[in-house]
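Text of structure.pdb, listed as PDB, C-alpha atoms:
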```
ATOM      1  CA  MET B   1     -14.236 -39.848   6.100
ATOM      2  CA  ASN B   2     -12.652 -37.724   8.787
ATOM      3  CA  GLU B   3     -10.889 -34.365   8.477
ATOM      4  CA  GLU B   4      -7.410 -35.813   8.484
ATOM      5  CA  GLU B   5      -8.206 -38.138   5.588
ATOM      6  CA  ILE B   6      -9.733 -35.295   3.596
ATOM      7  CA  ARG B   7      -6.694 -33.129   4.350
ATOM      8  CA  GLU B   8      -4.253 -35.820   3.269
ATOM      9  CA  ARG B   9      -6.023 -36.567   0.007
ATOM     10  CA  LEU B  10      -6.424 -32.904  -0.851
ATOM     11  CA  LYS B  11      -2.733 -32.253  -0.221
ATOM     12  CA  GLN B  12      -1.810 -35.104  -2.533
ATOM     13  CA  ALA B  13      -4.130 -33.689  -5.181
ATOM     14  CA  ALA B  14      -2.690 -30.201  -4.767
ATOM     15  CA  ASP B  15       0.881 -31.534  -5.031
ATOM     16  CA  ALA B  16      -0.068 -33.339  -8.240
ATOM     17  CA  ALA B  17      -1.605 -30.155  -9.625
ATOM     18  CA  GLN B  18       1.644 -28.296  -8.834
ATOM     19  CA  LYS B  19       3.512 -30.977 -10.747
ATOM     20  CA  ASP B  20       6.136 -28.738 -12.358
ATOM     21  CA  GLY B  21       7.173 -27.525  -8.950
ATOM     22  CA  THR B  22       7.498 -24.057  -7.553
ATOM     23  CA  PRO B  23       9.670 -21.494  -9.335
ATOM     24  CA  SER B  24      12.738 -20.551  -7.332
ATOM     25  CA  PHE B  25      12.136 -17.863  -4.736
ATOM     26  CA  ASP B  26      15.369 -16.080  -5.644
ATOM     27  CA  GLU B  27      14.468 -15.889  -9.331
ATOM     28  CA  THR B  28      10.976 -14.596  -8.596
ATOM     29  CA  TRP B  29      12.370 -12.090  -6.102
ATOM     30  CA  VAL B  30      15.004 -10.779  -8.517
ATOM     31  CA  VAL B  31      12.351 -10.240 -11.210
ATOM     32  CA  ALA B  32      10.094  -8.480  -8.695
ATOM     33  CA  GLU B  33      12.951  -6.238  -7.523
ATOM     34  CA  THR B  34      13.820  -5.354 -11.126
ATOM     35  CA  GLN B  35      10.185  -4.487 -11.848
ATOM     36  CA  PHE B  36      10.029  -2.390  -8.692
ATOM     37  CA  VAL B  37      13.234  -0.475  -9.525
ATOM     38  CA  GLN B  38      12.044   0.120 -13.099
ATOM     39  CA  SER B  39       8.622   1.324 -11.999
ATOM     40  CA  ARG B  40      10.218   3.621  -9.387
ATOM     41  CA  SER B  41      12.610   5.154 -11.921
ATOM     42  CA  ARG B  42       9.728   5.556 -14.393
ATOM     43  CA  PHE B  43       7.707   7.290 -11.693
ATOM     44  CA  ARG B  44      10.613   9.599 -10.796
ATOM     45  CA  ARG B  45      11.239  10.438 -14.444
ATOM     46  CA  PHE B  46       7.554  11.156 -14.948
ATOM     47  CA  SER B  47       7.406  13.310 -11.790
ATOM     48  CA  GLY B  48      10.490  15.250 -12.884
ATOM     49  CA  LEU B  49       9.069  15.883 -16.324
ATOM     50  CA  THR B  50       5.722  16.934 -14.874
ATOM     51  CA  ALA B  51       7.384  19.355 -12.441
ATOM     52  CA  ALA B  52       9.571  20.823 -15.202
ATOM     53  CA  ALA B  53       6.553  21.240 -17.484
ATOM     54  CA  ALA B  54       4.641  22.994 -14.698
ATOM     55  CA  VAL B  55       7.530  25.411 -14.017
ATOM     56  CA  ILE B  56       7.888  26.183 -17.731
ATOM     57  CA  ALA B  57       4.145  26.796 -18.046
ATOM     58  CA  ILE B  58       4.115  29.171 -15.066
ATOM     59  CA  LEU B  59       7.143  31.069 -16.417
ATOM     60  CA  ALA B  60       5.589  31.325 -19.858
ATOM     61  CA  ILE B  61       2.320  32.695 -18.475
ATOM     62  CA  THR B  62       4.188  35.204 -16.276
ATOM     63  CA  VAL B  63       6.364  36.419 -19.159
ATOM     64  CA  ALA B  64       3.354  36.653 -21.465
ATOM     65  CA  LEU B  65       1.346  38.740 -18.990
ATOM     66  CA  TRP B  66       4.195  40.990 -17.739
ATOM     67  CA  PRO B  67       4.422  43.623 -20.581
ATOM     68  CA  ALA B  68       0.659  44.094 -20.722
ATOM     69  CA  GLN B  69       0.460  44.759 -16.987
ATOM     70  CA  GLN B  70       3.427  47.116 -17.120
ATOM     71  CA  ALA B  71       1.966  49.135 -20.044
ATOM     72  CA  GLU B  72      -1.351  49.459 -18.246
ATOM     73  CA  LEU B  73       0.343  50.792 -15.103
ATOM     74  CA  ALA B  74       2.472  53.235 -17.140
ATOM     75  CA  ASP B  75      -0.598  54.557 -18.964
ATOM     76  CA  ASP B  76      -2.379  55.169 -15.669
ATOM     77  CA  TYR B  77       0.648  57.054 -14.339
ATOM     78  CA  PHE B  78       1.006  59.343 -17.359
ATOM     79  CA  ILE B  79      -2.695  60.224 -17.434
ATOM     80  CA  ALA B  80      -2.683  61.129 -13.741
ATOM     81  CA  ASP B  81       0.539  63.128 -14.157
ATOM     82  CA  ALA B  82      -0.791  65.082 -17.113
ATOM     83  CA  LEU B  83      -3.975  65.937 -15.269
ATOM     84  CA  LEU B  84      -2.103  67.153 -12.204
ATOM     85  CA  ASN B  85       0.205  69.335 -14.273
ATOM     86  CA  THR B  86      -2.379  70.963 -16.478
ATOM     87  CA  THR B  87      -5.469  71.417 -14.360
ATOM     88  CA  SER B  88      -5.892  74.374 -12.061
ATOM     89  CA  TRP B  89      -8.110  74.239  -9.081
ATOM     90  CA  THR B  90      -9.806  77.082  -7.253
ATOM     91  CA  ALA B  91     -11.920  77.091  -4.227
ATOM     92  CA  PRO B  92     -15.642  77.415  -4.884
ATOM     93  CA  SER B  93     -16.916  80.984  -4.659
ATOM     94  CA  ASP B  94     -20.247  82.247  -3.426
ATOM     95  CA  ALA B  95     -20.810  84.127  -6.690
ATOM     96  CA  LEU B  96     -23.788  82.011  -7.483
ATOM     97  CA  MET B  97     -25.257  82.153  -4.024
ATOM     98  CA  PRO B  98     -28.415  84.246  -3.555
ATOM     99  CA  GLU B  99     -27.729  87.922  -2.942
ATOM    100  CA  HIS B 100     -30.189  88.412  -0.116
ATOM    101  CA  GLN B 101     -29.493  86.578   3.003
ATOM    102  CA  PHE B 102     -31.115  87.063   6.317
ATOM    103  CA  ASP B 103     -30.175  86.232   9.812
ATOM    104  CA  ILE B 104     -32.775  83.860  11.018
ATOM    105  CA  TYR B 105     -31.951  84.802  14.572
ATOM    106  CA  GLN B 106     -32.474  88.500  14.014
ATOM    107  CA  GLU B 107     -35.014  88.770  11.257
ATOM    108  CA  ILE B 108     -38.036  86.606  11.375
ATOM    109  CA  PRO B 109     -39.513  86.338   7.923
ATOM    110  CA  LEU B 110     -43.110  87.169   7.466
ATOM    111  CA  LEU B 111     -45.031  84.150   6.577
ATOM    112  CA  ASP B 112     -48.126  84.295   4.487
ATOM    113  CA  GLY B 113     -50.595  82.907   6.836
ATOM    114  CA  SER B 114     -53.749  83.758   8.612
ATOM    115  CA  THR B 115     -53.698  84.892  12.170
ATOM    116  CA  ASN B 116     -57.397  85.043  12.307
ATOM    117  CA  THR B 117     -58.988  82.645  14.667
ATOM    118  CA  TYR B 118     -62.310  81.063  14.756
ATOM    119  CA  GLU B 119     -63.496  79.843  18.064
ATOM    120  CA  GLY B 120     -59.930  79.750  19.322
ATOM    121  CA  THR B 121     -58.482  77.833  16.383
ATOM    122  CA  LEU B 122     -56.219  79.354  13.730
ATOM    123  CA  LEU B 123     -57.858  79.473  10.374
TER     124      LEU B 123
ATOM    125  CA  MET A   1      11.651  -4.874  15.675
ATOM    126  CA  ARG A   2      13.396  -4.674  12.342
ATOM    127  CA  ASP A   3      14.848  -7.863  10.918
ATOM    128  CA  HIS A   4      18.209  -7.782   9.242
ATOM    129  CA  ASP A   5      16.655  -8.494   5.838
ATOM    130  CA  ALA A   6      13.452  -6.541   6.365
ATOM    131  CA  LEU A   7      12.110  -4.695   3.354
ATOM    132  CA  GLU A   8      12.845  -0.982   3.167
ATOM    133  CA  ASN A   9       9.234   0.043   2.596
ATOM    134  CA  ASN A  10       7.760  -2.769   4.696
ATOM    135  CA  PRO A  11       9.781  -3.037   7.896
ATOM    136  CA  HIS A  12       7.686  -5.884   9.340
ATOM    137  CA  VAL A  13       8.251  -8.118   6.321
ATOM    138  CA  SER A  14      11.488 -10.019   5.925
ATOM    139  CA  LYS A  15      12.712 -11.753   2.824
ATOM    140  CA  THR A  16      13.485 -14.904   4.827
ATOM    141  CA  GLU A  17       9.894 -15.197   6.041
ATOM    142  CA  LEU A  18       8.629 -14.771   2.496
ATOM    143  CA  GLU A  19      10.952 -17.498   1.280
ATOM    144  CA  VAL A  20       9.491 -19.896   3.856
ATOM    145  CA  ILE A  21       5.932 -19.452   2.556
ATOM    146  CA  HIS A  22       6.933 -19.049  -1.104
ATOM    147  CA  SER A  23       5.938 -22.569  -2.174
ATOM    148  CA  GLN A  24       2.521 -22.430  -0.500
ATOM    149  CA  LEU A  25       1.959 -18.966  -1.893
ATOM    150  CA  PHE A  26       2.725 -20.205  -5.378
ATOM    151  CA  GLY A  27       0.174 -22.990  -4.920
ATOM    152  CA  TRP A  28      -2.407 -20.392  -3.920
ATOM    153  CA  ALA A  29      -1.465 -18.171  -6.864
ATOM    154  CA  LEU A  30      -1.781 -21.182  -9.182
ATOM    155  CA  SER A  31      -5.301 -21.895  -8.044
ATOM    156  CA  ARG A  32      -6.145 -18.176  -8.470
ATOM    157  CA  CYS A  33      -5.038 -18.420 -12.108
ATOM    158  CA  SER A  34      -6.781 -21.646 -13.096
ATOM    159  CA  PHE A  35      -3.445 -23.460 -12.758
ATOM    160  CA  ASP A  36      -1.744 -21.437 -15.462
ATOM    161  CA  GLU A  37       1.855 -21.419 -14.242
ATOM    162  CA  ALA A  38       3.022 -18.397 -16.259
ATOM    163  CA  ASN A  39       0.186 -16.283 -14.880
ATOM    164  CA  ALA A  40       0.778 -17.590 -11.387
ATOM    165  CA  GLU A  41       4.427 -16.514 -11.635
ATOM    166  CA  ASP A  42       3.367 -13.059 -12.824
ATOM    167  CA  LEU A  43       0.932 -12.864  -9.942
ATOM    168  CA  MET A  44       3.659 -13.809  -7.457
ATOM    169  CA  GLN A  45       6.002 -11.179  -8.898
ATOM    170  CA  GLN A  46       3.270  -8.554  -8.681
ATOM    171  CA  ALA A  47       2.607  -9.495  -5.070
ATOM    172  CA  TYR A  48       6.298  -9.144  -4.240
ATOM    173  CA  VAL A  49       6.418  -5.773  -6.041
ATOM    174  CA  GLU A  50       3.472  -4.622  -3.899
ATOM    175  CA  LEU A  51       5.409  -5.621  -0.786
ATOM    176  CA  LEU A  52       8.671  -4.056  -1.989
ATOM    177  CA  SER A  53       7.001  -0.760  -2.845
ATOM    178  CA  GLY A  54       5.037  -0.668   0.409
ATOM    179  CA  ARG A  55       1.725  -0.299  -1.405
ATOM    180  CA  ALA A  56       0.722  -3.449   0.460
ATOM    181  CA  ARG A  57       1.912  -2.613   3.956
ATOM    182  CA  PHE A  58       2.055  -5.261   6.654
ATOM    183  CA  ASP A  59       1.409  -3.922  10.161
ATOM    184  CA  ASN A  60       1.571  -7.137  12.164
ATOM    185  CA  LYS A  61      -2.212  -7.197  12.572
ATOM    186  CA  SER A  62      -2.312 -10.781  11.298
ATOM    187  CA  THR A  63       0.256 -13.402  10.419
ATOM    188  CA  LEU A  64       2.490 -12.605   7.462
ATOM    189  CA  LYS A  65       1.164 -15.667   5.667
ATOM    190  CA  THR A  66      -2.432 -14.483   5.966
ATOM    191  CA  PHE A  67      -1.445 -11.027   4.801
ATOM    192  CA  VAL A  68       0.518 -12.154   1.756
ATOM    193  CA  PHE A  69      -2.166 -14.668   0.760
ATOM    194  CA  GLY A  70      -4.630 -11.783   0.967
ATOM    195  CA  VAL A  71      -2.403  -9.652  -1.279
ATOM    196  CA  VAL A  72      -2.331 -12.427  -3.886
ATOM    197  CA  GLN A  73      -6.096 -12.867  -3.576
ATOM    198  CA  ASN A  74      -6.742  -9.141  -4.074
ATOM    199  CA  LEU A  75      -4.370  -8.882  -7.008
ATOM    200  CA  ALA A  76      -5.981 -11.896  -8.606
ATOM    201  CA  ARG A  77      -9.420 -10.372  -8.077
ATOM    202  CA  SER A  78      -8.478  -7.046  -9.616
ATOM    203  CA  GLY A  79      -5.820  -7.314 -12.289
ATOM    204  CA  PHE A  80      -6.293 -10.904 -13.233
ATOM    205  CA  ARG A  81     -10.073 -10.945 -13.225
ATOM    206  CA  ARG A  82     -10.422 -10.303 -16.907
ATOM    207  CA  HIS A  83      -7.643 -12.686 -17.745
ATOM    208  CA  ASN A  84      -9.131 -15.434 -15.586
ATOM    209  CA  LYS A  85     -12.433 -15.071 -17.374
ATOM    210  CA  HIS A  86     -10.586 -15.653 -20.606
ATOM    211  CA  LEU A  87      -8.800 -18.663 -19.112
ATOM    212  CA  ARG A  88     -12.069 -20.175 -17.914
ATOM    213  CA  LEU A  89     -13.482 -19.828 -21.404
ATOM    214  CA  VAL A  90     -10.406 -21.516 -22.820
ATOM    215  CA  ASP A  91     -10.732 -24.317 -20.249
ATOM    216  CA  LYS A  92     -14.357 -24.771 -21.142
ATOM    217  CA  PHE A  93     -13.668 -25.309 -24.821
ATOM    218  CA  THR A  94     -10.404 -27.186 -24.502
ATOM    219  CA  THR A  95     -10.655 -30.883 -23.754
ATOM    220  CA  ASP A  96      -7.009 -31.849 -23.491
ATOM    221  CA  GLN A  97      -5.857 -29.068 -21.198
ATOM    222  CA  ASN A  98      -6.037 -31.126 -18.033
ATOM    223  CA  GLU A  99      -2.856 -31.244 -16.004
ATOM    224  CA  PHE A 100      -3.365 -34.837 -14.923
ATOM    225  CA  THR A 101      -2.531 -37.999 -16.862
ATOM    226  CA  GLU A 102      -4.838 -40.981 -16.865
ATOM    227  CA  ASP A 103      -2.086 -43.587 -17.145
ATOM    228  CA  ASN A 104      -0.635 -42.758 -13.769
ATOM    229  CA  HIS A 105      -2.782 -44.325 -11.079
ATOM    230  CA  ASP A 106      -1.791 -41.916  -8.353
ATOM    231  CA  HIS A 107      -2.341 -38.887 -10.554
ATOM    232  CA  GLY A 108      -5.649 -40.371 -11.698
ATOM    233  CA  ASN A 109      -6.778 -40.610  -8.110
ATOM    234  CA  SER A 110      -5.581 -37.057  -7.407
ATOM    235  CA  LYS A 111      -7.478 -35.905 -10.441
ATOM    236  CA  THR A 112     -10.758 -37.288  -9.166
ATOM    237  CA  VAL A 113     -10.135 -35.772  -5.736
ATOM    238  CA  TRP A 114      -9.346 -32.423  -7.301
ATOM    239  CA  GLU A 115     -12.409 -32.668  -9.506
ATOM    240  CA  ALA A 116     -14.466 -33.068  -6.366
ATOM    241  CA  VAL A 117     -12.942 -29.848  -5.025
ATOM    242  CA  VAL A 118     -13.505 -28.010  -8.284
ATOM    243  CA  THR A 119     -17.228 -28.805  -8.257
ATOM    244  CA  LEU A 120     -17.638 -26.898  -4.979
ATOM    245  CA  PRO A 121     -18.863 -23.285  -5.085
ATOM    246  CA  GLN A 122     -15.991 -20.774  -5.282
ATOM    247  CA  ARG A 123     -16.018 -19.699  -1.617
ATOM    248  CA  GLN A 124     -16.183 -23.287  -0.379
ATOM    249  CA  ARG A 125     -13.370 -24.185  -2.731
ATOM    250  CA  ASP A 126     -11.236 -21.313  -1.442
ATOM    251  CA  ILE A 127     -11.743 -22.148   2.204
ATOM    252  CA  THR A 128     -11.107 -25.827   1.497
ATOM    253  CA  GLU A 129      -7.814 -24.998  -0.136
ATOM    254  CA  LEU A 130      -6.724 -22.544   2.551
ATOM    255  CA  VAL A 131      -7.654 -24.731   5.513
ATOM    256  CA  PHE A 132      -6.926 -28.242   4.267
ATOM    257  CA  ILE A 133      -4.056 -27.641   1.864
ATOM    258  CA  ARG A 134      -2.421 -24.424   3.073
ATOM    259  CA  ASP A 135      -2.824 -25.261   6.788
ATOM    260  CA  MET A 136      -4.587 -22.083   7.802
ATOM    261  CA  THR A 137      -7.123 -21.699  10.573
ATOM    262  CA  ILE A 138     -10.682 -20.830   9.582
ATOM    263  CA  GLU A 139     -10.090 -17.344  10.982
ATOM    264  CA  GLU A 140      -6.996 -16.812   8.837
ATOM    265  CA  ALA A 141      -8.712 -18.230   5.768
ATOM    266  CA  SER A 142     -11.694 -15.915   6.314
ATOM    267  CA  ALA A 143      -9.320 -12.948   6.522
ATOM    268  CA  VAL A 144      -7.665 -13.935   3.249
ATOM    269  CA  MET A 145     -11.051 -14.319   1.574
ATOM    270  CA  GLY A 146     -12.304 -11.046   3.001
ATOM    271  CA  VAL A 147     -15.315 -12.547   4.773
ATOM    272  CA  SER A 148     -16.326 -12.589   8.428
ATOM    273  CA  LEU A 149     -15.350 -15.479  10.669
ATOM    274  CA  GLY A 150     -19.000 -16.611  10.887
ATOM    275  CA  THR A 151     -19.337 -16.685   7.117
ATOM    276  CA  GLY A 152     -16.033 -18.519   6.867
ATOM    277  CA  ARG A 153     -17.245 -21.164   9.317
ATOM    278  CA  VAL A 154     -20.449 -21.679   7.337
ATOM    279  CA  HIS A 155     -18.488 -22.117   4.090
ATOM    280  CA  TYR A 156     -16.075 -24.456   5.827
ATOM    281  CA  ASP A 157     -18.795 -26.689   7.284
ATOM    282  CA  ARG A 158     -20.641 -26.904   4.005
ATOM    283  CA  ALA A 159     -17.438 -27.592   2.074
ATOM    284  CA  LYS A 160     -16.355 -30.300   4.503
ATOM    285  CA  LYS A 161     -19.696 -32.103   4.295
ATOM    286  CA  ALA A 162     -19.876 -31.824   0.510
ATOM    287  CA  LEU A 163     -16.305 -33.021   0.103
ATOM    288  CA  ALA A 164     -16.741 -35.957   2.424
ATOM    289  CA  GLU A 165     -19.793 -37.048   0.426
ATOM    290  CA  LYS A 166     -18.075 -36.609  -2.920
ATOM    291  CA  LEU A 167     -14.940 -38.430  -1.810
ATOM    292  CA  ALA A 168     -17.014 -41.257  -0.353
ATOM    293  CA  GLU A 169     -18.804 -41.548  -3.714
ATOM    294  CA  LEU A 170     -15.450 -41.724  -5.473
ATOM    295  CA  ASN A 171     -14.228 -44.540  -3.207
ATOM    296  CA  PRO A 172     -17.298 -46.444  -2.042
ATOM    297  CA  GLU A 173     -15.226 -49.382  -0.699
ATOM    298  CA  GLU A 174     -13.600 -47.173   1.996
TER     299      GLU A 174
END
```
Once more with this new file: its structure as structure tokens, please.
Amino acid sequence: MNEEEIRERLKQAADAAQKDGTPSFDETWVVAETQFVQSRSRFRRFSGLTAAAAVIAILAITVALWPAQQAELADDYFIADALLNTTSWTAPSDALMPEHQFDIYQEIPLLDGSTNTYEGTLL
Amino acid sequence: MRDHDALENNPHVSKTELEVIHSQLFGWALSRCSFDEANAEDLMQQAYVELLSGRARFDNKSTLKTFVFGVVQNLARSGFRRHNKHLRLVDKFTTDQNEFTEDNHDHGNSKTVWEAVVTLPQRQRDITELVFIRDMTIEEASAVMGVSLGTGRVHYDRAKKALAEKLAELNPEE
């Protein structure tokens, strides 16, 4: 049995299997277009709702956090202001510095140390 | 170049070209759905929705027929897989579901021919249908099936030999 014979017999068999015929292209196309339009509008509606929900959530979070942040800033300001207005500042004095000072360039302090030598080496 | 009735989201696909291959595509969809016509119609509609939406985008890398057959094949593999399993189970346990009638000689003969096709392994059956019934080249059929050309050729050769033997057994006088 050659290829052409096989082809012919298979086509006959396939035609018999498709016995109720093919549904009209136009009908199938119209249904497909309707499904496409519906799915697109569903998608747009869903996207719109999602975007609106996101905006509302962001606004809600911002509004909820705003007074707390403001109060914290105000508190910081008042504390700093009160400190500046009520605290006096003076330059450090040398009252606590040691009374005796020497000029290391003029007065060489006497160091406790031996000047005795032993065989040329300081003891 | 954009045809006058090209799809908005698929500029290389025209409605007229789809109409030309509609009948063959329905035959392919039928065989993907175990010859359940309602499911085949759903599958066709889904395929057209994929083309309309541009989710399945044709870029002229193959023929439109190959591309659209591939879309139907992929949809059948994914969305209809579970349903097909159910249909196969129903077929297995239903005796009177056959589409063919015994009292019609021509249909009886077609039935035996089709039974010979059905006994082939799935890939051989697919390539047989695409090449012999849907008039595709082996290369196009391989693309639809998602296999390499070499693999397609192997399936085709095996299917042709097996079919020739089975058909010769069915009609030993020829």
request  = Would you work out the distance separating atom CA of A:Met44 from atom CA of A:Gly152, expressed in Å to one decimal?
outcome  =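 Distance between the two atoms: 24.8 Å.
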query = Just so the selection is clear, what residues does the PyMOL selection byres ((chain A) within 9 of (chain B)) cover here, as a count of residues only?
reply = 46
request  = Please measure the separation of atom CA of A:Gly54 and atom CA of A:Asn39, giving the value in Å to one decimal.
outcome  =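 One can read the atom CA of A:Gly54 to atom CA of A:Asn39 distance as 22.4 Å.
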query = Is there a way to get, as a VMD selection string, all residues within 6 Å of the point (-14.4, -23.1, 1.5) in file coordinates, counting only C-alpha atoms?
reply = chain A and resid 123 to 128 155 to 156 159
ask   = Just how far from atom CA of A:Thr151 is atom CA of A:Val13, in Å to one decimal?
value = 28.9 Å
Would you give the centre and edge lengths, in Å to one decimal, of a box along x, y and z around the listed atoms of stretch 137-149 of chain A, with 3 Å added to each side, as AutoDock Vina command-line options?
```
--center_x -11.7 --center_y -16.4 --center_z 6.3 --size_x 15.3 --size_y 16.7 --size_z 15.4
```
